[in-house]
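The structure appears below as structure tokens.
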Amino acid sequence: MWKLLKNRIEQGYRTQDFPPVQPLPKQYRGRPKLYPERCLPNCDQCISKCPTEALKTAPLELDLAKCVFCGACEEACPQHAIEFTSDYSMAARRIEDLRVIDDTPQRVDALRKERRRLFGRSLKLREVSAGSCNGCDLEIQALGNIVFDWSRFGIQIVASPRHSDGLIVTGPVSRNMELALRKTYEAVPDPRLVIAVGACALSGGVFAGSPAVCGGVAPMIPVDLYIPGCPPHPLTILDGILRLLNRLK
């Protein structure tokens with residue numbers, strides 16, 4: 001027992017401040033900035049490298065709903081017109097707002113006051129893995145550890161949709177999970193929230209166009225918050241939810 005207490009004292013306080021004080025590692029790819037004025041005429045080198053057709057030119061535009069943050073476009077661009085930053089704040093209320101056209105950041109619009117009153121201090125979520133690779137699920141799981149600890153903000157994962165305020169969904173929604181997702185959504189008491197996490201849940205990701213998937217959550221059930229990434233960093237998920245609840249400025 002004394003050894004455990006001694007180790008605990010030596011370890012100190014491990015929970016990360018939020019917003020974080022320390023910058024994220026250099027290798028982290030966050031919200032991209034686009035500089036269309038740098039593009040060369042008839043240049044499509046970045047488009048040819050994109051595995052999910054997230055890019056288009058004339059004008060230059062990057063759809064974060066499809067982007068898997070592989071960085072291939074940034075590496076391929078000879079004019080450095082695409083630059084991934086360390087900005088982890090990327091979530092949006094509308095999927096159209098995930099289209100990046102310049103270097104202007106996009107922020108989440110908060111819920112209306114009456115809904116914030118219900119969810120603002122305590123938010124219970126039922127997670128649904130609707131055919132994901134488990135990458136996004138591991139990042140959500142990390143939010144419950146001692147480092148990120150989203151329970152300090154009143155956010156928790158619960159076992160039953162009947163005990164939840166909403167769903168947090170990952171994966172491209174496989175055909176085998178389509179009915180299960182609908183039934184789980186219907187089991188959540190109204191009013192309810194739906195949070196789609198990761199490129200697959202937003203657009204189908206690398207599986208888009210496959211007959212085995214539905215192509216994201218939105219065609220199945222209404223979505224209140226879109227969180228891009230492949231997978232998104234835990235800070236991106238936490239930032240999006242807190243902004244949705246008007247807990248961040």
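Labels for the structure tokens follow display order: chains A, B, ..., residues from 1 in each chain, ligands from 1.
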
Would you give me, as CSV, each residue of region 59-147 of chain A having an atom within 10 Å of an atom of region 203-222 of chain A, along with its shortest atom pair and that distance in Å to one decimal, using only C-alpha atoms and sorting by chain and residue number?
```
residue,atom,partner,partner_atom,distance
A:Asp63,CA,A:Ser203,CA,10.0
A:Leu64,CA,A:Ser203,CA,9.5
A:Ala65,CA,A:Ser203,CA,5.9
A:Lys66,CA,A:Gly205,CA,5.5
A:Cys67,CA,A:Gly205,CA,7.4
A:Val68,CA,A:Gly205,CA,7.1
A:Ile95,CA,A:Ala218,CA,9.3
A:Ala130,CA,A:Val217,CA,8.7
A:Gly131,CA,A:Val213,CA,8.3
A:Ser132,CA,A:Gly204,CA,9.9
```

Restricted to N, CA and C atoms, what would the selected residues look like written as a compact mmCIF listing (two decimals), in the first residue's frame?
```txt
# COMPACT_ATOMS: atom_id res chain seq x y z
N ASP A 63 -12.47 18.57 -48.75
CA ASP A 63 -13.63 18.15 -47.97
C ASP A 63 -13.15 17.30 -46.80
N LEU A 64 -13.23 17.87 -45.58
CA LEU A 64 -12.77 17.14 -44.39
C LEU A 64 -13.65 15.94 -44.07
N ALA A 65 -14.86 15.91 -44.59
CA ALA A 65 -15.73 14.76 -44.37
C ALA A 65 -15.18 13.51 -45.06
N LYS A 66 -14.41 13.71 -46.12
CA LYS A 66 -13.82 12.59 -46.86
C LYS A 66 -12.34 12.39 -46.55
N CYS A 67 -11.69 13.42 -46.05
CA CYS A 67 -10.24 13.39 -45.85
C CYS A 67 -9.85 12.37 -44.78
N VAL A 68 -8.80 11.58 -45.08
CA VAL A 68 -8.28 10.62 -44.11
C VAL A 68 -6.95 11.09 -43.52
N ILE A 95 -22.46 19.20 -42.37
CA ILE A 95 -21.39 18.55 -43.13
C ILE A 95 -20.84 19.48 -44.21
N ALA A 130 -20.50 0.97 -36.05
CA ALA A 130 -21.32 0.50 -37.17
C ALA A 130 -20.46 0.03 -38.34
N GLY A 131 -19.52 -0.85 -38.04
CA GLY A 131 -18.67 -1.40 -39.09
C GLY A 131 -17.32 -0.74 -39.19
N SER A 132 -16.84 -0.12 -38.11
CA SER A 132 -15.57 0.61 -38.15
C SER A 132 -14.39 -0.36 -38.05
```

Please list as an mmCIF file with N, CA and C atoms, in the first residue's frame every residue within 12 Å of Ile101 (chain A), counting only C-alpha atoms and excluding residues in the same chain fewer than 6 positions away.
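result.cif, freshly written:
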```cif
data_model
loop_
_atom_site.group_PDB
_atom_site.id
_atom_site.type_symbol
_atom_site.label_atom_id
_atom_site.label_comp_id
_atom_site.auth_asym_id
_atom_site.auth_seq_id
_atom_site.Cartn_x
_atom_site.Cartn_y
_atom_site.Cartn_z
ATOM 1 N N ARG A 31 -6.253 20.518 -38.659
ATOM 2 C CA ARG A 31 -7.015 21.245 -39.670
ATOM 3 C C ARG A 31 -6.083 21.813 -40.732
ATOM 4 N N PRO A 32 -6.339 21.518 -42.011
ATOM 5 C CA PRO A 32 -5.473 22.029 -43.077
ATOM 6 C C PRO A 32 -5.790 23.480 -43.433
ATOM 7 N N LYS A 33 -4.780 24.162 -43.946
ATOM 8 C CA LYS A 33 -4.953 25.487 -44.535
ATOM 9 C C LYS A 33 -4.691 25.385 -46.023
ATOM 10 N N LEU A 34 -5.514 26.053 -46.813
ATOM 11 C CA LEU A 34 -5.354 26.043 -48.267
ATOM 12 C C LEU A 34 -4.984 27.437 -48.744
ATOM 13 N N TYR A 35 -4.100 27.465 -49.731
ATOM 14 C CA TYR A 35 -3.660 28.721 -50.339
ATOM 15 C C TYR A 35 -3.869 28.620 -51.849
ATOM 16 N N PRO A 36 -5.116 28.837 -52.305
ATOM 17 C CA PRO A 36 -5.438 28.656 -53.729
ATOM 18 C C PRO A 36 -4.601 29.531 -54.660
ATOM 19 N N GLU A 37 -4.179 30.694 -54.172
ATOM 20 C CA GLU A 37 -3.410 31.598 -55.013
ATOM 21 C C GLU A 37 -2.053 31.021 -55.403
ATOM 22 N N LEU A 55 -10.354 16.088 -52.568
ATOM 23 C CA LEU A 55 -9.857 17.346 -53.131
ATOM 24 C C LEU A 55 -10.489 17.650 -54.476
ATOM 25 N N LYS A 56 -10.626 18.940 -54.756
ATOM 26 C CA LYS A 56 -10.970 19.393 -56.090
ATOM 27 C C LYS A 56 -10.332 20.753 -56.320
ATOM 28 N N THR A 57 -10.148 21.097 -57.574
ATOM 29 C CA THR A 57 -9.523 22.371 -57.915
ATOM 30 C C THR A 57 -10.500 23.264 -58.659
ATOM 31 N N ALA A 58 -10.032 24.500 -58.889
ATOM 32 C CA ALA A 58 -10.798 25.524 -59.624
ATOM 33 C C ALA A 58 -12.153 25.823 -59.006
ATOM 34 N N PRO A 59 -12.202 26.354 -57.805
ATOM 35 C CA PRO A 59 -11.065 26.657 -56.929
ATOM 36 C C PRO A 59 -10.661 25.464 -56.070
ATOM 37 N N LEU A 60 -9.498 25.569 -55.441
ATOM 38 C CA LEU A 60 -8.990 24.513 -54.578
ATOM 39 C C LEU A 60 -9.903 24.354 -53.357
ATOM 40 N N GLU A 61 -10.300 23.107 -53.095
ATOM 41 C CA GLU A 61 -11.201 22.830 -51.970
ATOM 42 C C GLU A 61 -10.908 21.443 -51.423
ATOM 43 N N LEU A 62 -10.914 21.320 -50.104
ATOM 44 C CA LEU A 62 -10.675 20.040 -49.438
ATOM 45 C C LEU A 62 -11.855 19.725 -48.532
ATOM 46 N N ASP A 63 -12.470 18.572 -48.749
ATOM 47 C CA ASP A 63 -13.630 18.146 -47.971
ATOM 48 C C ASP A 63 -13.152 17.302 -46.796
ATOM 49 N N LEU A 64 -13.227 17.867 -45.579
ATOM 50 C CA LEU A 64 -12.771 17.142 -44.394
ATOM 51 C C LEU A 64 -13.651 15.939 -44.073
ATOM 52 N N ALA A 81 0.518 24.562 -51.535
ATOM 53 C CA ALA A 81 -0.802 25.186 -51.431
ATOM 54 C C ALA A 81 -1.668 24.524 -50.369
ATOM 55 N N ILE A 82 -1.234 23.367 -49.867
ATOM 56 C CA ILE A 82 -1.954 22.647 -48.812
ATOM 57 C C ILE A 82 -1.013 22.448 -47.645
#
```

Residue list (strand (DSSP E or B), DSSP) for region 41-89 of chain A, as a PyMOL selection string:
chain A and resi 55-56+61-63+82-84

What's the 12 Å shell around Asn145 (chain A), counting only C-alpha atoms, without same-chain residues fewer than 6 positions away, as an mmCIF file with N, CA and C atoms, in the first residue's frame?
```cif
data_model
loop_
_atom_site.group_PDB
_atom_site.id
_atom_site.type_symbol
_atom_site.label_atom_id
_atom_site.label_comp_id
_atom_site.auth_asym_id
_atom_site.auth_seq_id
_atom_site.Cartn_x
_atom_site.Cartn_y
_atom_site.Cartn_z
ATOM 1 N N ARG A 14 -1.719 13.743 -13.714
ATOM 2 C CA ARG A 14 -1.494 13.315 -15.092
ATOM 3 C C ARG A 14 -2.562 13.793 -16.076
ATOM 4 N N THR A 15 -3.677 14.312 -15.591
ATOM 5 C CA THR A 15 -4.746 14.721 -16.500
ATOM 6 C C THR A 15 -4.352 15.980 -17.250
ATOM 7 N N GLN A 16 -4.520 15.935 -18.582
ATOM 8 C CA GLN A 16 -4.123 17.044 -19.432
ATOM 9 C C GLN A 16 -5.080 18.218 -19.302
ATOM 10 N N LEU A 138 -11.077 3.325 -30.499
ATOM 11 C CA LEU A 138 -9.968 3.400 -29.549
ATOM 12 C C LEU A 138 -9.712 4.826 -29.092
ATOM 13 N N GLU A 139 -9.912 5.791 -29.993
ATOM 14 C CA GLU A 139 -9.742 7.192 -29.606
ATOM 15 C C GLU A 139 -10.846 7.627 -28.641
ATOM 16 N N SER A 151 -14.885 12.595 -18.314
ATOM 17 C CA SER A 151 -15.885 12.540 -17.246
ATOM 18 C C SER A 151 -15.827 13.787 -16.367
ATOM 19 N N ARG A 152 -14.699 14.511 -16.364
ATOM 20 C CA ARG A 152 -14.618 15.758 -15.585
ATOM 21 C C ARG A 152 -15.546 16.827 -16.159
ATOM 22 N N GLN A 156 -20.006 10.754 -20.331
ATOM 23 C CA GLN A 156 -19.755 9.344 -20.049
ATOM 24 C C GLN A 156 -20.407 8.459 -21.105
ATOM 25 N N PRO A 234 -8.362 12.425 -29.768
ATOM 26 C CA PRO A 234 -9.293 12.626 -28.658
ATOM 27 C C PRO A 234 -9.597 14.092 -28.379
#
```

Considering only helix (DSSP H, G or I) as DSSP defines it on the backbone, what residues of region 143-247 of chain A qualify? List them as JSON, numbers by chain.
{"A": [150, 151, 152, 153, 161, 162, 163, 175, 176, 177, 178, 179, 180, 181, 182, 183, 184, 185, 186, 187, 199, 200, 201, 202, 203, 205, 206, 207, 234, 235, 236, 237, 238, 239, 240, 241, 242, 243, 244]}

Using only C-alpha atoms, determine which residues lie at most 8 Å from Leu235 (chain A), disregarding the query and same-chain residues fewer than 4 positions distant; provide the list as a list of chain:residue names.
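Counting only C-alpha atoms, the residues come to A:Tyr88, A:Ser89, A:Phe148, A:Asp239.
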
Based on the selection just made, write N, CA and C atoms of those residues as a CSV table (one decimal), in the first residue's frame.
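Below is the file that was written, again.csv:
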```csv
chain,number,residue,atom,x,y,z
A,88,TYR,N,-6.5,21.2,-33.7
A,88,TYR,CA,-7.3,20.0,-33.5
A,88,TYR,C,-8.8,20.3,-33.6
A,89,SER,N,-9.2,21.6,-33.6
A,89,SER,CA,-10.6,22.0,-33.6
A,89,SER,C,-11.1,22.0,-35.0
A,148,PHE,N,-7.0,12.3,-20.7
A,148,PHE,CA,-8.1,13.1,-21.3
A,148,PHE,C,-9.3,13.3,-20.4
A,239,ASP,N,-13.2,18.6,-28.1
A,239,ASP,CA,-13.4,20.0,-28.5
A,239,ASP,C,-14.7,20.2,-29.2
```

Write out as a list in words which residues come within 12 Å of Cys77 (chain A) when counting only C-alpha atoms, dropping same-chain ones fewer than 5 positions away.
Leu34, Tyr35, Pro36, Arg38, Cys39, Leu40, Cys43, Asp44, Gln45, Cys46, Ile47, Ser48, Lys49, Cys50, Leu60, Gly71, Ala72, Ile82 and Glu83 of chain A
